[in-house]
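Engineer: Data file upload-v5.cif (mmCIF, C-alpha atoms) is appended below.
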```
data_protein
#
loop_
_atom_site.group_PDB
_atom_site.id
_atom_site.type_symbol
_atom_site.label_atom_id
_atom_site.label_comp_id
_atom_site.auth_asym_id
_atom_site.auth_seq_id
_atom_site.Cartn_x
_atom_site.Cartn_y
_atom_site.Cartn_z
ATOM 1 C CA MET A 1 18.629 134.961 73.948
ATOM 2 C CA THR A 2 19.953 132.124 71.810
ATOM 3 C CA THR A 3 19.811 128.624 73.188
ATOM 4 C CA THR A 4 22.438 126.082 72.234
ATOM 5 C CA THR A 5 22.781 122.482 73.183
ATOM 6 C CA HIS A 6 25.761 120.878 74.861
ATOM 7 C CA THR A 7 26.418 118.798 71.726
ATOM 8 C CA GLU A 8 27.035 121.955 69.670
ATOM 9 C CA HIS A 9 29.990 122.805 71.904
ATOM 10 C CA ARG A 10 31.616 119.403 72.234
ATOM 11 C CA ALA A 11 35.290 119.274 71.470
ATOM 12 C CA GLY A 12 37.451 116.302 70.631
ATOM 13 C CA PRO A 13 40.567 115.433 72.663
ATOM 14 C CA GLU A 14 42.869 117.676 70.599
ATOM 15 C CA GLN A 15 40.456 120.609 70.798
ATOM 16 C CA ARG A 16 40.155 120.168 74.566
ATOM 17 C CA TYR A 17 43.952 120.256 74.898
ATOM 18 C CA ASP A 18 44.073 123.360 72.664
ATOM 19 C CA GLY A 19 41.328 124.948 74.744
ATOM 20 C CA PHE A 20 43.222 124.387 77.974
ATOM 21 C CA ALA A 21 46.322 125.917 76.353
ATOM 22 C CA ARG A 22 44.469 129.242 76.755
ATOM 23 C CA TYR A 23 45.023 128.858 80.512
ATOM 24 C CA GLY A 24 48.160 130.875 81.115
ATOM 25 C CA SER A 25 50.792 129.829 83.588
ATOM 26 C CA GLY A 26 54.222 130.788 84.777
ATOM 27 C CA VAL A 27 57.346 129.028 83.533
ATOM 28 C CA SER A 28 59.972 127.349 85.710
ATOM 29 C CA LEU A 29 63.248 125.518 85.344
ATOM 30 C CA VAL A 30 63.346 122.279 87.330
ATOM 31 C CA ALA A 31 66.812 120.818 87.907
ATOM 32 C CA VAL A 32 68.300 117.877 89.783
ATOM 33 C CA HIS A 33 71.782 116.363 89.997
ATOM 34 C CA ASP A 34 71.615 112.573 89.822
ATOM 35 C CA GLY A 35 75.074 112.039 91.317
ATOM 36 C CA GLU A 36 76.752 112.044 87.916
ATOM 37 C CA GLU A 37 74.956 114.505 85.655
ATOM 38 C CA ASP A 38 72.676 117.515 85.754
ATOM 39 C CA ARG A 39 69.119 116.766 84.653
ATOM 40 C CA PHE A 40 66.618 119.535 83.988
ATOM 41 C CA PHE A 41 63.476 120.547 82.125
ATOM 42 C CA VAL A 42 61.188 123.533 81.616
ATOM 43 C CA ALA A 43 57.880 123.230 83.480
ATOM 44 C CA ALA A 44 54.690 125.247 83.230
ATOM 45 C CA SER A 45 52.472 122.925 85.260
ATOM 46 C CA VAL A 46 53.414 124.022 88.787
ATOM 47 C CA LEU A 47 51.182 124.859 91.740
ATOM 48 C CA THR A 48 51.196 125.332 95.482
ATOM 49 C CA ALA A 49 50.381 121.948 97.017
ATOM 50 C CA SER A 50 50.446 123.159 100.638
ATOM 51 C CA VAL A 51 51.009 126.460 102.407
ATOM 52 C CA GLU A 52 51.955 125.193 105.880
ATOM 53 C CA PRO A 53 54.305 123.486 105.532
ATOM 54 C CA PHE A 54 55.096 124.944 102.120
ATOM 55 C CA ALA A 55 55.068 122.395 99.301
ATOM 56 C CA LEU A 56 54.964 122.635 95.513
ATOM 57 C CA ALA A 57 53.565 120.238 92.929
ATOM 58 C CA VAL A 58 54.917 119.880 89.414
ATOM 59 C CA SER A 59 53.692 117.719 86.562
ATOM 60 C CA VAL A 60 56.621 115.781 85.055
ATOM 61 C CA GLY A 61 56.428 113.820 81.817
ATOM 62 C CA THR A 62 57.288 110.147 82.266
ATOM 63 C CA GLY A 63 59.983 110.464 79.592
ATOM 64 C CA ARG A 64 61.910 113.248 81.353
ATOM 65 C CA ASP A 65 65.423 112.117 82.244
ATOM 66 C CA ALA A 66 65.226 114.103 85.502
ATOM 67 C CA LEU A 67 62.290 112.069 86.805
ATOM 68 C CA PRO A 68 64.208 109.013 88.123
ATOM 69 C CA ALA A 69 66.529 111.201 90.244
ATOM 70 C CA ILE A 70 63.585 113.221 91.567
ATOM 71 C CA LEU A 71 61.724 110.017 92.466
ATOM 72 C CA ASP A 72 64.873 108.571 94.083
ATOM 73 C CA GLY A 73 64.845 111.448 96.573
ATOM 74 C CA ARG A 74 67.578 113.676 95.167
ATOM 75 C CA PRO A 75 67.038 117.346 96.102
ATOM 76 C CA TRP A 76 65.709 119.392 93.212
ATOM 77 C CA SER A 77 65.343 123.071 92.446
ATOM 78 C CA LEU A 78 62.531 125.016 90.848
ATOM 79 C CA SER A 79 63.541 128.450 89.502
ATOM 80 C CA VAL A 80 60.648 130.769 88.559
ATOM 81 C CA LEU A 81 61.659 132.308 85.242
ATOM 82 C CA ALA A 82 61.441 135.966 84.285
ATOM 83 C CA ALA A 83 60.727 137.542 80.898
ATOM 84 C CA HIS A 84 64.460 137.947 80.275
ATOM 85 C CA HIS A 85 64.782 134.126 80.321
ATOM 86 C CA LEU A 86 62.765 133.781 77.090
ATOM 87 C CA SER A 87 65.852 133.130 74.938
ATOM 88 C CA LEU A 88 67.076 130.532 77.453
ATOM 89 C CA VAL A 89 63.742 128.706 77.343
ATOM 90 C CA ARG A 90 63.763 128.740 73.548
ATOM 91 C CA ARG A 91 67.248 127.181 73.611
ATOM 92 C CA LEU A 92 66.237 124.572 76.192
ATOM 93 C CA THR A 93 63.028 123.548 74.415
ATOM 94 C CA GLY A 94 64.292 123.671 70.833
ATOM 95 C CA ALA A 95 65.517 120.729 68.785
ATOM 96 C CA THR A 96 69.008 120.713 70.274
ATOM 97 C CA GLY A 97 71.207 118.182 71.982
ATOM 98 C CA ARG A 98 72.177 117.849 75.612
ATOM 99 C CA ALA A 99 75.505 119.686 75.144
ATOM 100 C CA ALA A 100 73.729 122.703 73.620
ATOM 101 C CA ARG A 101 71.198 122.779 76.461
ATOM 102 C CA LEU A 102 73.972 122.622 79.079
ATOM 103 C CA ALA A 103 75.751 125.457 77.246
ATOM 104 C CA ALA A 104 72.513 127.484 77.312
ATOM 105 C CA LEU A 105 72.306 127.068 81.086
ATOM 106 C CA ALA A 106 75.960 128.059 81.495
ATOM 107 C CA ASP A 107 75.426 131.126 79.276
ATOM 108 C CA ALA A 108 72.418 132.077 81.432
ATOM 109 C CA GLY A 109 74.542 131.977 84.591
ATOM 110 C CA ALA A 110 73.234 128.749 86.141
ATOM 111 C CA GLU A 111 75.076 127.817 89.329
ATOM 112 C CA ARG A 112 75.277 124.672 91.404
ATOM 113 C CA SER A 113 73.473 125.015 94.719
ATOM 114 C CA PRO A 114 74.783 123.524 97.969
ATOM 115 C CA GLN A 115 72.016 120.915 97.533
ATOM 116 C CA GLY A 116 73.594 119.877 94.214
ATOM 117 C CA ALA A 117 70.922 121.040 91.768
ATOM 118 C CA LEU A 118 71.524 123.837 89.271
ATOM 119 C CA TRP A 119 69.622 127.071 89.797
ATOM 120 C CA LEU A 120 69.408 130.532 88.226
ATOM 121 C CA PRO A 121 70.459 133.327 90.613
ATOM 122 C CA ASP A 122 68.567 135.894 88.499
ATOM 123 C CA ALA A 123 65.277 133.952 88.615
ATOM 124 C CA LEU A 124 62.277 135.626 90.243
ATOM 125 C CA ALA A 125 62.584 133.005 92.997
ATOM 126 C CA THR A 126 64.113 129.571 93.449
ATOM 127 C CA PHE A 127 62.865 126.822 95.734
ATOM 128 C CA TRP A 128 64.793 123.736 96.829
ATOM 129 C CA CYS A 129 62.584 120.722 97.272
ATOM 130 C CA GLU A 130 62.629 117.159 98.504
ATOM 131 C CA THR A 131 60.099 114.791 97.003
ATOM 132 C CA ALA A 132 57.239 114.042 99.406
ATOM 133 C CA SER A 133 55.018 112.059 97.044
ATOM 134 C CA ALA A 134 54.536 111.105 93.425
ATOM 135 C CA THR A 135 51.288 110.164 91.719
ATOM 136 C CA PRO A 136 51.294 108.685 88.201
ATOM 137 C CA VAL A 137 48.638 110.246 85.956
ATOM 138 C CA ASN A 138 48.689 108.721 82.453
ATOM 139 C CA ASP A 139 51.789 110.150 80.682
ATOM 140 C CA GLN A 140 52.746 112.386 83.629
ATOM 141 C CA VAL A 141 53.791 112.031 87.248
ATOM 142 C CA LEU A 142 52.462 114.631 89.674
ATOM 143 C CA VAL A 143 55.416 115.210 92.021
ATOM 144 C CA VAL A 144 54.886 117.016 95.325
ATOM 145 C CA GLY A 145 58.020 118.487 96.833
ATOM 146 C CA ASP A 146 58.431 119.804 100.348
ATOM 147 C CA VAL A 147 60.167 123.181 100.076
ATOM 148 C CA VAL A 148 63.268 122.977 102.272
ATOM 149 C CA GLY A 149 64.843 126.273 101.200
ATOM 150 C CA GLY A 150 64.536 129.170 98.832
ATOM 151 C CA SER A 151 66.148 132.269 97.430
ATOM 152 C CA ALA A 152 64.975 135.766 98.250
ATOM 153 C CA PRO A 153 62.273 136.798 95.759
ATOM 154 C CA ARG A 154 63.291 139.290 93.066
ATOM 155 C CA ASP A 155 61.197 141.891 91.307
ATOM 156 C CA GLY A 156 60.633 141.346 87.618
ATOM 157 C CA THR A 157 58.179 140.396 84.931
ATOM 158 C CA PRO A 158 57.303 136.688 84.781
ATOM 159 C CA LEU A 159 57.726 134.544 81.712
ATOM 160 C CA LEU A 160 54.420 132.964 80.694
ATOM 161 C CA ARG A 161 53.225 129.844 78.906
ATOM 162 C CA TRP A 162 50.057 130.462 76.911
ATOM 163 C CA ASN A 163 48.528 128.930 73.789
ATOM 164 C CA HIS A 164 51.309 126.342 73.314
ATOM 165 C CA ASP A 165 54.128 128.910 73.381
ATOM 166 C CA PHE A 166 56.222 131.069 75.698
ATOM 167 C CA HIS A 167 55.484 134.796 76.007
ATOM 168 C CA THR A 168 56.269 137.946 77.911
ATOM 169 C CA THR A 169 53.407 140.050 79.234
ATOM 170 C CA ALA A 170 54.114 142.558 76.455
ATOM 171 C CA ASP A 171 53.232 139.835 73.925
ATOM 172 C CA LEU A 172 49.794 139.432 75.495
ATOM 173 C CA THR A 173 48.441 142.981 75.300
ATOM 174 C CA PRO A 174 44.633 142.815 75.275
ATOM 175 C CA ALA A 175 42.836 143.400 72.007
ATOM 176 C CA VAL A 176 40.540 146.411 71.643
ATOM 177 C CA GLY A 177 37.124 145.673 73.087
ATOM 178 C CA THR A 178 38.214 143.126 75.651
ATOM 179 C CA ILE A 179 37.757 143.327 79.388
ATOM 180 C CA GLY A 180 40.490 145.437 80.902
ATOM 181 C CA ASP A 181 41.035 147.513 77.765
ATOM 182 C CA PRO A 182 40.394 151.170 78.662
ATOM 183 C CA SER A 183 39.657 152.016 75.016
ATOM 184 C CA ALA A 184 36.829 149.490 74.822
ATOM 185 C CA ASP A 185 33.435 150.977 74.002
ATOM 186 C CA VAL A 186 31.408 149.593 76.884
ATOM 187 C CA ASP A 187 28.055 150.816 78.177
ATOM 188 C CA ARG A 188 28.435 151.773 81.824
#
```
As a first step, turn the structure in this file into structure tokens.

Structural biologist:
Amino acid sequence: MTTTTHTEHRAGPEQRYDGFARYGSGVSLVAVHDGEEDRFFVAASVLTASVEPFALAVSVGTGRDALPAILDGRPWSLSVLAAHHLSLVRRLTGATGRAARLAALADAGAERSPQGALWLPDALATFWCETASATPVNDQVLVVGDVVGGSAPRDGTPLLRWNHDFHTTADLTPAVGTIGDPSADVDR
């Protein structure tokens, strides 16, 4: 057995961020209407904050234009995106302007909910939330939203965020010799 020291495996800040990018997550569209305009962003940092009552937490960059409306208590939606939303996400996260991003949402069939926020009827699920708390964490704000409504869940393949990019599960087929690969030559 080879012994290594902790110092041999130390990573700098950029390497640590790159390392955590190997942690896959789902992808969601978060939207809010601020009374005048629709504000929205793509989020991959989402988790269940509470089961009973049901609450979600999302990490929101301090520069997101949706953040002030969310913090002011406007209802917001979180649509869980499916693999077929990959082109939408590319359009929303590319170097485009606001008009192009709004057009991308319209092309994808986004609708206004009774709560005011846009949502995607063909998402795997959509949750309507009211902000319960917000905790600043460096360049992010961890927003916890009480789930006050939701769409019926739909079957489908989730869109994933992994290694600094967006993928479908087909993109992430295991390499030969990895755990879960039936063709791997493993002693049993």

Engineer: Report, in Å to a single decimal, how far apart atom CA of Ser77 of chain A and atom CA of Val147 of chain A are.

Structural biologist: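 According to the coordinates, atom CA of Val147 of chain A and atom CA of Ser77 of chain A are separated by 9.2 Å.
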
Engineer: Tell me, in Å to one decimal, how far atom CA of Leu86 of chain A is from atom CA of Ala108 of chain A.

Structural biologist: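 Interatomic distance here is 10.7 Å.
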
Engineer: Give me, please, the distance in Å between atom CA of Ser79 of chain A and atom CA of Leu120 of chain A, quoted to one decimal.

Structural biologist: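 Atom CA of Leu120 of chain A lies 6.4 Å from atom CA of Ser79 of chain A.
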
Engineer: Could you tell me which residues the PyMOL selection byres ((chain A and resi 155) around 12) returns for this structure, as number ranges by chain?

Structural biologist: A: 80-83, 122-125, 152-154, 156-158

Engineer: Which residues, named as in the file, does the PyMOL selection byres ((chain A and resi 132-135) around 9) pick out? Answer as a short mmCIF file (atom, residue, chain, number, x, y, z; two decimals) with C-alpha atoms, keeping the file's coordinate frame.

Structural biologist:
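Result file follows (result.cif):
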```cif
data_model
loop_
_atom_site.label_atom_id
_atom_site.label_comp_id
_atom_site.auth_asym_id
_atom_site.auth_seq_id
_atom_site.Cartn_x
_atom_site.Cartn_y
_atom_site.Cartn_z
CA ALA A 55 55.07 122.40 99.30
CA LEU A 71 61.72 110.02 92.47
CA GLY A 73 64.84 111.45 96.57
CA CYS A 129 62.58 120.72 97.27
CA GLU A 130 62.63 117.16 98.50
CA THR A 131 60.10 114.79 97.00
CA PRO A 136 51.29 108.68 88.20
CA VAL A 137 48.64 110.25 85.96
CA GLN A 140 52.75 112.39 83.63
CA VAL A 141 53.79 112.03 87.25
CA LEU A 142 52.46 114.63 89.67
CA VAL A 143 55.42 115.21 92.02
CA VAL A 144 54.89 117.02 95.32
CA GLY A 145 58.02 118.49 96.83
CA ASP A 146 58.43 119.80 100.35
#
```

Engineer: Please write as a PyMOL selection string the full residue list that the PyMOL selection byres ((chain A and resi 34-42) around 10) yields on this file.

Structural biologist: chain A and resi 27-33+43-45+60-61+64-70+72-79+81+89-90+92-93+98+101-102+105+112+116-119
